[in-house]
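K.L.:
The following file, target-v9.csv, comprises CSV, C-alpha atoms:
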chain,number,residue,atom,x,y,z
A,1,MET,CA,5.9,-31.1,-40.6
A,2,SER,CA,5.5,-27.7,-38.8
A,3,ALA,CA,5.4,-27.6,-35.0
A,4,VAL,CA,2.0,-27.1,-33.3
A,5,THR,CA,1.6,-23.8,-31.5
A,6,TYR,CA,-0.8,-23.3,-28.6
A,7,VAL,CA,-2.0,-19.7,-28.3
A,8,CYS,CA,-3.6,-18.3,-25.1
A,9,SER,CA,-6.8,-16.6,-26.1
A,10,VAL,CA,-6.7,-14.4,-23.0
A,11,CYS,CA,-3.3,-12.8,-23.0
A,12,GLY,CA,-1.8,-13.8,-26.3
A,13,TYR,CA,1.1,-15.9,-25.1
A,14,SER,CA,2.0,-18.8,-27.3
A,15,PHE,CA,3.5,-22.3,-26.4
A,16,THR,CA,5.0,-25.2,-28.4
A,17,SER,CA,4.2,-27.6,-25.6
A,18,ARG,CA,0.6,-28.6,-24.7
A,19,GLY,CA,1.7,-29.2,-21.1
A,20,ASN,CA,3.1,-25.8,-20.7
A,21,PHE,CA,0.0,-24.3,-22.3
A,22,LYS,CA,-2.3,-26.1,-19.8
A,23,THR,CA,-0.1,-25.0,-16.9
A,24,HIS,CA,-0.2,-21.4,-18.1
A,25,MET,CA,-4.0,-21.4,-18.4
A,26,ARG,CA,-4.3,-22.0,-14.7
A,27,THR,CA,-3.1,-18.4,-14.1
A,28,HIS,CA,-6.3,-17.3,-15.7
A,29,THR,CA,-8.8,-19.9,-14.4
A,30,GLY,CA,-7.4,-20.0,-10.8
A,31,GLU,CA,-7.2,-23.8,-10.9
A,32,LYS,CA,-4.7,-25.2,-8.3
A,33,PRO,CA,-4.6,-29.0,-8.7
A,34,HIS,CA,-1.4,-29.7,-6.7
A,35,LEU,CA,-2.3,-30.2,-3.1
A,36,CYS,CA,0.1,-30.4,-0.1
A,37,ASP,CA,-0.8,-33.6,1.8
A,38,ILE,CA,0.4,-32.0,5.1
A,39,CYS,CA,-1.4,-28.7,5.3
A,40,HIS,CA,-3.8,-29.0,2.3
A,41,LYS,CA,-2.6,-25.8,0.7
A,42,SER,CA,-3.0,-26.0,-3.1
A,43,PHE,CA,-0.8,-24.7,-5.9
A,44,SER,CA,-1.2,-24.2,-9.7
A,45,HIS,CA,2.3,-25.5,-10.4
A,46,LYS,CA,4.0,-28.7,-9.3
A,47,CYS,CA,7.3,-27.0,-8.7
A,48,ALA,CA,5.6,-24.5,-6.4
A,49,LEU,CA,4.3,-27.4,-4.3
A,50,GLU,CA,7.7,-29.0,-4.1
A,51,ALA,CA,9.2,-25.7,-3.0
A,52,HIS,CA,6.4,-25.3,-0.4
A,53,ARG,CA,7.1,-28.8,1.1
A,54,TYR,CA,10.5,-27.6,2.3
A,55,ILE,CA,8.6,-25.5,4.9
A,56,HIS,CA,7.4,-28.7,6.5
A,57,THR,CA,10.6,-30.8,6.1
A,58,GLY,CA,13.1,-28.0,6.6
A,59,ASN,CA,15.3,-29.7,4.0
A,60,LYS,CA,17.6,-27.2,2.2
A,61,PRO,CA,20.3,-29.3,0.6
A,62,TYR,CA,22.2,-26.5,-1.3
A,63,VAL,CA,24.8,-24.8,1.0
A,64,CYS,CA,26.7,-21.6,0.2
A,65,ASP,CA,30.4,-22.3,0.8
A,66,VAL,CA,31.1,-18.6,1.7
A,67,CYS,CA,28.4,-17.9,4.4
A,68,ASN,CA,26.9,-21.4,4.9
A,69,LYS,CA,23.4,-20.1,4.1
A,70,THR,CA,21.2,-23.0,2.8
A,71,PHE,CA,18.7,-23.1,0.0
A,72,ALA,CA,15.9,-25.4,-1.1
A,73,LYS,CA,16.7,-24.9,-4.8
A,74,LYS,CA,20.0,-25.0,-6.7
A,75,SER,CA,19.0,-21.9,-8.8
A,76,ALA,CA,18.4,-19.9,-5.6
A,77,LEU,CA,22.0,-20.8,-4.4
A,78,LYS,CA,23.4,-19.8,-7.8
A,79,ASP,CA,21.7,-16.4,-7.6
A,80,HIS,CA,22.8,-16.0,-4.0
A,81,ALA,CA,26.4,-16.5,-5.0
A,82,PHE,CA,26.3,-13.2,-6.9
A,83,VAL,CA,25.8,-11.4,-3.6
A,84,HIS,CA,29.4,-12.4,-2.6
A,85,SER,CA,31.0,-12.0,-6.0
A,86,GLY,CA,29.4,-8.6,-6.6
A,87,GLU,CA,28.4,-9.7,-10.1
A,88,LYS,CA,25.1,-8.3,-11.4
A,89,PRO,CA,24.4,-10.3,-14.6
A,90,TYR,CA,20.8,-9.2,-15.0
A,91,GLU,CA,20.7,-5.8,-16.8
A,92,CYS,CA,17.7,-3.6,-17.6
A,93,GLU,CA,17.8,-2.8,-21.3
A,94,LEU,CA,16.1,0.5,-20.8
A,95,CYS,CA,18.2,2.2,-18.1
A,96,LYS,CA,21.2,-0.2,-17.9
A,97,LYS,CA,20.7,-0.8,-14.1
A,98,SER,CA,21.9,-4.3,-13.2
A,99,PHE,CA,20.8,-6.8,-10.5
A,100,THR,CA,22.1,-9.9,-8.8
A,101,GLN,CA,18.9,-11.8,-9.3
A,102,MET,CA,16.4,-12.2,-12.1
A,103,TYR,CA,13.3,-11.6,-9.9
A,104,LYS,CA,14.7,-8.2,-8.9
A,105,LEU,CA,15.1,-7.2,-12.5
A,106,LYS,CA,11.5,-8.3,-13.1
A,107,ILE,CA,10.3,-6.1,-10.2
A,108,HIS,CA,12.4,-3.2,-11.5
A,109,MET,CA,10.9,-3.5,-15.0
A,110,ARG,CA,7.5,-2.6,-13.5
A,111,GLU,CA,8.9,0.9,-12.8
A,112,HIS,CA,9.2,1.4,-16.6
A,113,THR,CA,5.9,-0.3,-17.6
A,114,GLY,CA,3.8,0.9,-14.6
A,115,GLU,CA,2.6,-2.7,-14.1
A,116,ARG,CA,1.1,-3.3,-10.6
A,117,PRO,CA,-0.2,-6.9,-10.7
A,118,PHE,CA,-0.6,-7.4,-7.0
A,119,VAL,CA,-4.0,-6.1,-5.9
A,120,CYS,CA,-5.3,-5.7,-2.3
A,121,GLU,CA,-8.6,-7.6,-2.1
A,122,ILE,CA,-9.9,-5.3,0.6
A,123,CYS,CA,-9.2,-1.8,-0.7
A,124,SER,CA,-8.2,-2.6,-4.4
A,125,LYS,CA,-4.9,-0.8,-4.1
A,126,SER,CA,-2.3,-2.3,-6.4
A,127,PHE,CA,1.4,-2.9,-6.0
A,128,ALA,CA,4.4,-3.9,-8.2
A,129,ASN,CA,5.8,-6.2,-5.5
A,130,LYS,CA,4.1,-9.1,-3.6
A,131,TYR,CA,6.1,-8.3,-0.5
A,132,ILE,CA,4.9,-4.7,-0.5
A,133,LEU,CA,1.3,-6.0,-0.8
A,134,ASN,CA,1.8,-8.3,2.2
A,135,TYR,CA,3.2,-5.4,4.2
A,136,HIS,CA,0.2,-3.3,3.1
A,137,MET,CA,-2.2,-6.0,4.2
A,138,SER,CA,-1.1,-5.5,7.8
A,139,SER,CA,-2.7,-2.1,7.8
A,140,HIS,CA,-6.0,-3.8,7.4
A,141,THR,CA,-5.5,-6.8,9.7
A,142,GLY,CA,-3.0,-5.5,12.2
A,143,GLU,CA,-1.2,-8.8,12.2
A,144,LYS,CA,2.5,-9.1,13.0
A,145,PRO,CA,3.2,-12.8,12.6
A,146,HIS,CA,7.0,-12.7,13.0
A,147,VAL,CA,7.8,-12.8,16.8
A,148,CYS,CA,11.2,-12.4,18.5
A,149,ASN,CA,11.8,-15.4,20.7
A,150,ILE,CA,13.9,-13.4,23.1
A,151,CYS,CA,11.8,-10.2,23.9
A,152,ASN,CA,8.5,-11.2,22.2
A,153,LYS,CA,8.5,-8.1,20.0
A,154,SER,CA,6.5,-8.8,16.8
A,155,PHE,CA,7.0,-7.6,13.2
A,156,VAL,CA,5.0,-7.5,10.0
A,157,ARG,CA,8.0,-8.7,7.8
A,158,LYS,CA,10.4,-11.5,8.4
A,159,ASN,CA,13.4,-9.4,7.4
A,160,SER,CA,12.5,-6.8,10.0
A,161,LEU,CA,12.7,-9.6,12.6
A,162,THR,CA,16.0,-10.7,11.2
A,163,TYR,CA,17.5,-7.2,11.6
A,164,HIS,CA,15.9,-6.9,15.1
A,165,MET,CA,17.7,-10.0,16.2
A,166,TYR,CA,21.0,-8.3,15.8
A,167,THR,CA,20.0,-5.9,18.6
A,168,HIS,CA,20.3,-8.8,21.0
A,169,LYS,CA,23.9,-9.5,19.8
A,170,GLU,CA,27.0,-7.5,20.6
A,171,LYS,CA,28.3,-7.5,17.1
A,172,LYS,CA,26.3,-6.6,14.0
A,173,PRO,CA,27.1,-7.8,10.5
A,174,HIS,CA,28.2,-4.5,8.9
A,175,MET,CA,31.4,-3.2,10.6
A,176,CYS,CA,33.2,0.2,10.1
A,177,ASN,CA,36.9,-0.5,9.4
A,178,LEU,CA,37.8,2.9,10.9
A,179,CYS,CA,36.3,2.9,14.3
A,180,ASP,CA,35.0,-0.7,14.8
A,181,LYS,CA,31.4,0.4,15.1
A,182,SER,CA,28.9,-2.2,13.7
A,183,PHE,CA,25.5,-1.8,12.2
A,184,VAL,CA,22.5,-4.0,11.5
A,185,ARG,CA,22.1,-2.7,7.9
A,186,ARG,CA,24.6,-1.8,5.2
A,187,PHE,CA,22.7,1.5,4.6
A,188,TYR,CA,23.3,2.5,8.2
A,189,LEU,CA,27.1,1.8,7.8
A,190,LYS,CA,27.1,3.9,4.7
A,191,ILE,CA,25.5,6.9,6.5
A,192,HIS,CA,27.9,6.4,9.4
A,193,MET,CA,30.9,6.6,7.1
A,194,TYR,CA,30.0,10.2,6.3
A,195,THR,CA,31.0,11.1,9.9
A,196,HIS,CA,34.6,10.0,8.9
A,197,THR,CA,34.7,11.6,5.5
A,198,GLY,CA,32.8,14.8,6.4
A,199,GLU,CA,30.6,14.3,3.3
A,200,LYS,CA,27.0,15.7,3.4
A,201,PRO,CA,25.2,14.4,0.4
A,202,PHE,CA,21.6,15.2,1.5
A,203,VAL,CA,20.8,18.7,0.3
A,204,CYS,CA,17.7,20.8,1.0
A,205,ASP,CA,16.2,22.0,-2.4
A,206,MET,CA,15.0,25.2,-0.8
A,207,CYS,CA,18.0,26.7,0.9
A,208,ASN,CA,20.9,24.4,-0.2
A,209,ILE,CA,21.9,23.4,3.4
A,210,SER,CA,23.4,19.9,3.3
A,211,PHE,CA,23.2,17.1,5.8
A,212,ALA,CA,25.1,13.9,6.5
A,213,ASN,CA,21.9,11.7,6.9
A,214,PRO,CA,18.4,11.8,5.5
A,215,ARG,CA,16.6,12.0,8.8
A,216,SER,CA,18.3,15.4,9.6
A,217,LEU,CA,17.2,16.7,6.2
A,218,LYS,CA,13.7,15.5,6.9
A,219,PHE,CA,13.5,17.4,10.2
A,220,HIS,CA,15.1,20.4,8.6
A,221,LEU,CA,12.4,20.5,5.9
A,222,HIS,CA,9.7,21.1,8.6
A,223,LYS,CA,11.2,24.6,9.1
A,224,HIS,CA,10.0,25.4,5.6
A,225,PHE,CA,6.5,23.9,6.2
A,226,ASP,CA,5.7,25.0,9.8
A,227,ASP,CA,2.0,25.3,8.8
A,228,VAL,CA,1.8,21.6,8.0
A,229,SER,CA,0.8,19.2,10.9
A,230,TYR,CA,-0.4,15.6,11.1
A,231,VAL,CA,-3.1,15.1,13.7
A,232,CYS,CA,-3.8,11.8,15.5
A,233,ASP,CA,-7.5,10.9,15.0
A,234,ILE,CA,-7.6,9.2,18.4
A,235,CYS,CA,-6.1,11.7,20.8
A,236,SER,CA,-5.9,14.8,18.6
A,237,ARG,CA,-2.2,15.3,19.3
A,238,SER,CA,-0.4,16.9,16.3
A,239,PHE,CA,3.0,16.1,14.8
A,240,PRO,CA,5.3,17.8,12.3
A,241,SER,CA,5.8,14.8,10.1
A,242,LYS,CA,3.7,11.8,8.9
A,243,TYR,CA,6.5,9.5,10.1
A,244,LEU,CA,6.2,10.7,13.7
A,245,LEU,CA,2.4,10.4,13.6
A,246,LYS,CA,2.8,6.8,12.4
A,247,MET,CA,5.2,6.0,15.2
A,248,HIS,CA,2.8,7.7,17.7
A,249,ARG,CA,-0.2,5.6,16.5
A,250,TYR,CA,1.6,2.5,17.8
A,251,THR,CA,1.1,3.8,21.4
A,252,HIS,CA,-2.6,3.4,21.0
A,253,PRO,CA,-4.0,-0.1,21.4
A,254,ILE,CA,-5.9,-1.3,18.3
A,255,LEU,CA,-9.5,-2.3,19.0
A,256,LYS,CA,-10.1,-5.7,17.5
A,257,PRO,CA,-13.6,-6.8,18.6
A,258,HIS,CA,-14.1,-9.5,15.9
A,259,VAL,CA,-12.6,-12.7,17.2
A,260,CYS,CA,-12.1,-16.0,15.4
A,261,HIS,CA,-13.7,-18.8,17.5
A,262,ILE,CA,-11.3,-21.4,16.1
A,263,CYS,CA,-7.8,-19.9,16.6
A,264,GLY,CA,-8.5,-16.8,18.7
A,265,LYS,CA,-7.1,-14.2,16.3
A,266,SER,CA,-8.9,-10.9,16.4
A,267,TYR,CA,-9.6,-8.2,13.8
A,268,GLU,CA,-10.7,-4.6,13.6
A,269,LYS,CA,-13.4,-5.3,10.9
A,270,SER,CA,-15.9,-8.1,10.5
A,271,PHE,CA,-15.3,-8.6,6.8
A,272,VAL,CA,-11.6,-9.2,7.5
A,273,LEU,CA,-12.6,-11.9,10.0
A,274,GLN,CA,-14.9,-13.5,7.3
A,275,LYS,CA,-12.0,-13.7,4.9
A,276,HIS,CA,-9.7,-15.1,7.6
A,277,MET,CA,-12.3,-17.9,8.3
A,278,CYS,CA,-11.8,-19.2,4.8
A,279,THR,CA,-8.2,-20.3,5.9
A,280,HIS,CA,-9.9,-22.7,8.4
A,281,THR,CA,-12.7,-24.0,6.2
A,282,ARG,CA,-10.6,-24.0,3.0
A,283,GLU,CA,-13.6,-22.5,1.3
A,284,ASP,CA,-13.4,-20.5,-1.9
A,285,PRO,CA,-16.5,-18.3,-1.4
A,286,TYR,CA,-16.6,-16.7,-4.8
A,287,LYS,CA,-18.2,-19.1,-7.3
A,288,CYS,CA,-18.6,-18.8,-11.0
A,289,GLU,CA,-22.3,-19.4,-12.0
A,290,ILE,CA,-21.3,-20.7,-15.4
A,291,CYS,CA,-18.7,-23.4,-14.8
A,292,THR,CA,-18.8,-23.7,-10.9
A,293,GLN,CA,-15.1,-22.8,-10.6
A,294,SER,CA,-14.6,-21.2,-7.2
A,295,PHE,CA,-12.1,-18.6,-6.0
A,296,SER,CA,-10.8,-17.3,-2.7
A,297,LYS,CA,-10.7,-13.7,-4.0
A,298,GLN,CA,-13.4,-11.7,-5.6
A,299,HIS,CA,-10.9,-10.1,-8.0
A,300,ASN,CA,-9.9,-13.4,-9.4
A,301,LEU,CA,-13.6,-14.3,-10.1
A,302,LYS,CA,-14.1,-11.0,-11.9
A,303,ILE,CA,-11.1,-11.7,-14.2
A,304,HIS,CA,-12.4,-15.3,-14.7
A,305,MET,CA,-15.9,-14.1,-15.7
A,306,LEU,CA,-14.3,-12.0,-18.5
A,307,ILE,CA,-13.1,-15.3,-20.1
A,308,HIS,CA,-16.7,-16.6,-20.4
A,309,ALA,CA,-17.9,-13.2,-21.7
A,310,GLY,CA,-15.1,-13.1,-24.3
A,311,LYS,CA,-14.4,-9.6,-23.1
A,312,THR,CA,-10.9,-8.1,-23.2
A,313,PRO,CA,-11.4,-4.4,-22.2
A,314,TYR,CA,-7.8,-3.1,-22.0
A,315,PRO,CA,-6.7,-2.0,-25.5
A,316,CYS,CA,-3.0,-1.4,-26.5
A,317,SER,CA,-2.7,2.2,-27.8
A,318,ILE,CA,0.1,1.1,-30.2
A,319,CYS,CA,-1.2,-2.0,-31.9
A,320,ASN,CA,-4.9,-2.2,-30.7
A,321,ASN,CA,-4.4,-5.7,-29.1
A,322,LEU,CA,-6.9,-6.2,-26.3
A,323,TYR,CA,-6.4,-7.7,-22.8
A,324,VAL,CA,-8.6,-8.9,-19.9
A,325,SER,CA,-6.6,-7.0,-17.3
A,326,LYS,CA,-4.3,-4.0,-16.9
A,327,ALA,CA,-1.5,-6.3,-15.7
A,328,TYR,CA,-1.6,-8.2,-19.0
A,329,LEU,CA,-1.7,-5.0,-21.0
A,330,ASN,CA,1.4,-3.7,-19.1
A,331,ARG,CA,3.2,-7.0,-19.7
A,332,HIS,CA,2.4,-6.6,-23.4
A,333,MET,CA,3.6,-3.0,-23.4
A,334,ARG,CA,7.0,-4.3,-22.4
A,335,MET,CA,7.3,-6.1,-25.7
A,336,HIS,CA,6.9,-2.7,-27.5
A,337,ILE,CA,9.5,-1.1,-25.2
A,338,ASN,CA,11.9,-4.0,-26.0
A,339,GLY,CA,11.2,-3.7,-29.7
A,340,ASN,CA,9.1,-6.8,-30.2
A,341,PRO,CA,5.5,-5.8,-30.9
A,342,HIS,CA,4.6,-8.8,-33.0
A,343,ILE,CA,2.5,-11.1,-30.7
A,344,SER,CA,-0.7,-13.1,-31.2
A,345,ASP,CA,-4.0,-11.2,-30.9
A,346,PRO,CA,-6.2,-12.3,-28.0
A,347,LEU,CA,-10.0,-12.6,-28.3
A,348,PRO,CA,-11.6,-9.4,-29.7
A,349,LEU,CA,-14.5,-7.6,-27.9
Take the structure in this file and express it as structure tokens.
P.N.:
Amino acid sequence: MSAVTYVCSVCGYSFTSRGNFKTHMRTHTGEKPHLCDICHKSFSHKCALEAHRYIHTGNKPYVCDVCNKTFAKKSALKDHAFVHSGEKPYECELCKKSFTQMYKLKIHMREHTGERPFVCEICSKSFANKYILNYHMSSHTGEKPHVCNICNKSFVRKNSLTYHMYTHKEKKPHMCNLCDKSFVRRFYLKIHMYTHTGEKPFVCDMCNISFANPRSLKFHLHKHFDDVSYVCDICSRSFPSKYLLKMHRYTHPILKPHVCHICGKSYEKSFVLQKHMCTHTREDPYKCEICTQSFSKQHNLKIHMLIHAGKTPYPCSICNNLYVSKAYLNRHMRMHINGNPHISDPLPL
């Protein structure tokens, strides 16, 4: 008796287990049946809910015996151990670059496929990495949720706060073995080492002058482009680099006239406030008129509507398979790159 195969009609993935097939379909429908009984956040996978619960309990039972860092999952501890051993078991088959963790390899593969599955619901800009999308979102909301409990300085990203905390400590984690200087990041230590070796690896492509650090090279390049200036749209002051303009913009207070009457958070634009309000009401404002399924993001509703229409508008130029989104097409293209083009056809147009 041959095994039953369940084939996804949207993206062509196949499964031998009905349970796995049903779980997979939630990525297309947006269904999130697993609800946290503490904060009422919902998840499409049970394992995602279990991982989320550790936020409330703080329970991280798996401890690294080298640095005492704790983890909620055994698999996360296993991947973390490679940081200490230097082992990089996950290798890219295309460029042979290797990584300590599988998720880093997956993110890297998007450089080859061009896949950018994380889409900003405000400006539709897409990203290969969820963390970059979250960082980008701060440009719309102005939110900096990670606050230093010593000096109250706030940051967009948690790792930026982590590095900042070292400024309050005398010793930083990355120490030079020649002069005992210490640094917050390994990269800064690497740049510092050039002062001992005399190496200047950063070379100007125009005049071949070399520098010991990238910032010196960046400022040097302005000599070749004196006519280029970056102007502040608030005070009209001009700067020789985009980076300096960005730093200057932080000196101007951001006007946020749209205030949430529940939690007091304020926003520059009214539509951003409207989206924020959904976090209080738990509403999914984008509703499908056919099956009444609702979504928190308009982009997810658009993808969902294609399922009802039977439309798959993204064709593969190699085998003519069709897909409902560019992200699924890019994922399919990886199978051609890896030499495995034989996959199930999704629904035709």
K.L.:
Atom CA of Pro285 of chain A and atom CA of Gln298 of chain A, how far apart in Å?
P.N.:
8.4 Å
K.L.:
In Å, with one decimal, what is the gap from atom CA of Ser139 of chain A to atom CA of Arg116 of chain A?
P.N.:
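Between these atoms lies a distance of 18.8 Å.
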K.L.:
Could you jot down the atom CA of Glu87 of chain A to atom CA of Thr100 of chain A separation for me, Å, one decimal place?
P.N.:
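Atom CA of Glu87 of chain A sits 6.4 Å away from atom CA of Thr100 of chain A.
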K.L.:
Distance cut-off 10 Å, centre (21.2, -3.8, 9.7) in file coordinates, counting all atoms listed in the file: which residues qualify? Return them as a ChimeraX atom specification.
P.N.:
/A:159-160,162-167,172-174,182-189
K.L.:
Show me, as a count of residues only, the residues that have an atom within 8 Å of segment 18-34 of chain A when counting all atoms listed in the file, minus same-chain residues fewer than 5 positions from it.
P.N.:
15
K.L.:
Extract, using only C-alpha atoms, all DNA, RNA and protein residues at most 12 Å from Tyr131 of chain A, discarding same-chain residues fewer than 3 positions from it, and format them as a list in words.
P.N.:
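After dropping sequence-adjacent residues, the list is Ile107, Phe118, Val119, Cys120, Ser126, Phe127, Ala128, Asn134, Tyr135, His136, Met137, Ser138, Val156, Arg157, Lys158 and Asn159 of chain A.
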K.L.:
Just want the 10 Å neighbourhood of segment 192-198 of chain A, counted on only C-alpha atoms, with same-chain residues fewer than 6 positions away dropped. Output as an mmCIF file with C-alpha atoms, in the frame of the given file.
P.N.:
data_model
loop_
_atom_site.group_PDB
_atom_site.id
_atom_site.type_symbol
_atom_site.label_atom_id
_atom_site.label_comp_id
_atom_site.auth_asym_id
_atom_site.auth_seq_id
_atom_site.Cartn_x
_atom_site.Cartn_y
_atom_site.Cartn_z
ATOM 1 C CA CYS A 176 33.200 0.200 10.100
ATOM 2 C CA ASN A 177 36.900 -0.500 9.400
ATOM 3 C CA LEU A 178 37.800 2.900 10.900
ATOM 4 C CA CYS A 179 36.300 2.900 14.300
ATOM 5 C CA LYS A 181 31.400 0.400 15.100
ATOM 6 C CA SER A 182 28.900 -2.200 13.700
ATOM 7 C CA PHE A 183 25.500 -1.800 12.200
ATOM 8 C CA ARG A 186 24.600 -1.800 5.200
ATOM 9 C CA PHE A 211 23.200 17.100 5.800
ATOM 10 C CA ALA A 212 25.100 13.900 6.500
ATOM 11 C CA ASN A 213 21.900 11.700 6.900
#
K.L.:
Check the smallest atom-to-atom distance from each of A:Leu77, A:Phe202, A:Met109, A:Val259 to Cys92 of chain A using all atoms listed in the file, then report the winner.
P.N.:
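Closest to Cys92 of chain A of all the choices is A:Met109.
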K.L.:
Excluding Glu50 of chain A and residues on its chain fewer than 6 positions from it, collect all residues at most 12 Å away from it, counting all atoms listed in the file, and give them as a ChimeraX atom specification.
P.N.:
/A:34-37,41-44,56-57,59-60,72-73
K.L.:
Considering only C-alpha atoms, return as a list in words whatever protein or nucleic-acid residues lie within 9 Å of Val231 of chain A, sequence-local ones (same chain, fewer than 6 positions apart) excluded.
P.N.:
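The residues satisfying every condition are Arg237, Ser238, Phe239, Pro240, Lys242 and Leu245 of chain A.
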K.L.:
Which residue, A:Arg215, A:Ser210, A:Cys288, A:Cys39, has the smallest gap to Ile307 of chain A when you use all atoms listed in the file?
P.N.:
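Closest candidate: A:Cys288.
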K.L.:
With all atoms listed in the file as the basis for distance, which of A:Asn152, A:Pro117, A:Arg53, A:Phe71 is at the shortest distance from Ala327 of chain A?
P.N.:
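Of all the options, A:Pro117 lies closest to Ala327 of chain A.
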K.L.:
For segment 123-135 of chain A, supply N, CA and C atoms and report the output as a compact mmCIF listing (two decimals), keeping the file's coordinate frame.
P.N.:
# COMPACT_ATOMS: atom_id res chain seq x y z
N CYS A 123 -9.05 -3.19 -0.30
CA CYS A 123 -9.20 -1.80 -0.70
C CYS A 123 -8.90 -1.57 -2.20
N SER A 124 -8.53 -2.64 -2.92
CA SER A 124 -8.20 -2.60 -4.40
C SER A 124 -6.99 -1.80 -4.73
N LYS A 125 -6.19 -1.42 -3.75
CA LYS A 125 -4.90 -0.80 -4.10
C LYS A 125 -3.98 -1.77 -4.68
N SER A 126 -3.20 -1.35 -5.70
CA SER A 126 -2.30 -2.30 -6.40
C SER A 126 -0.86 -1.98 -6.16
N PHE A 127 -0.02 -3.02 -6.29
CA PHE A 127 1.40 -2.90 -6.00
C PHE A 127 2.23 -3.66 -7.02
N ALA A 128 3.47 -3.21 -7.20
CA ALA A 128 4.40 -3.90 -8.20
C ALA A 128 5.05 -5.08 -7.55
N ASN A 129 5.00 -5.19 -6.24
CA ASN A 129 5.80 -6.20 -5.50
C ASN A 129 4.87 -6.95 -4.54
N LYS A 130 4.94 -8.27 -4.54
CA LYS A 130 4.10 -9.10 -3.60
C LYS A 130 4.42 -8.80 -2.18
N TYR A 131 5.71 -8.54 -1.88
CA TYR A 131 6.10 -8.30 -0.50
C TYR A 131 5.53 -6.99 0.03
N ILE A 132 5.45 -5.99 -0.87
CA ILE A 132 4.90 -4.70 -0.50
C ILE A 132 3.37 -4.88 -0.21
N LEU A 133 2.71 -5.71 -1.05
CA LEU A 133 1.30 -6.00 -0.80
C LEU A 133 1.09 -6.66 0.54
N ASN A 134 1.93 -7.66 0.86
CA ASN A 134 1.80 -8.30 2.20
C ASN A 134 2.00 -7.38 3.31
N TYR A 135 2.96 -6.46 3.15
CA TYR A 135 3.20 -5.40 4.20
C TYR A 135 1.99 -4.53 4.31
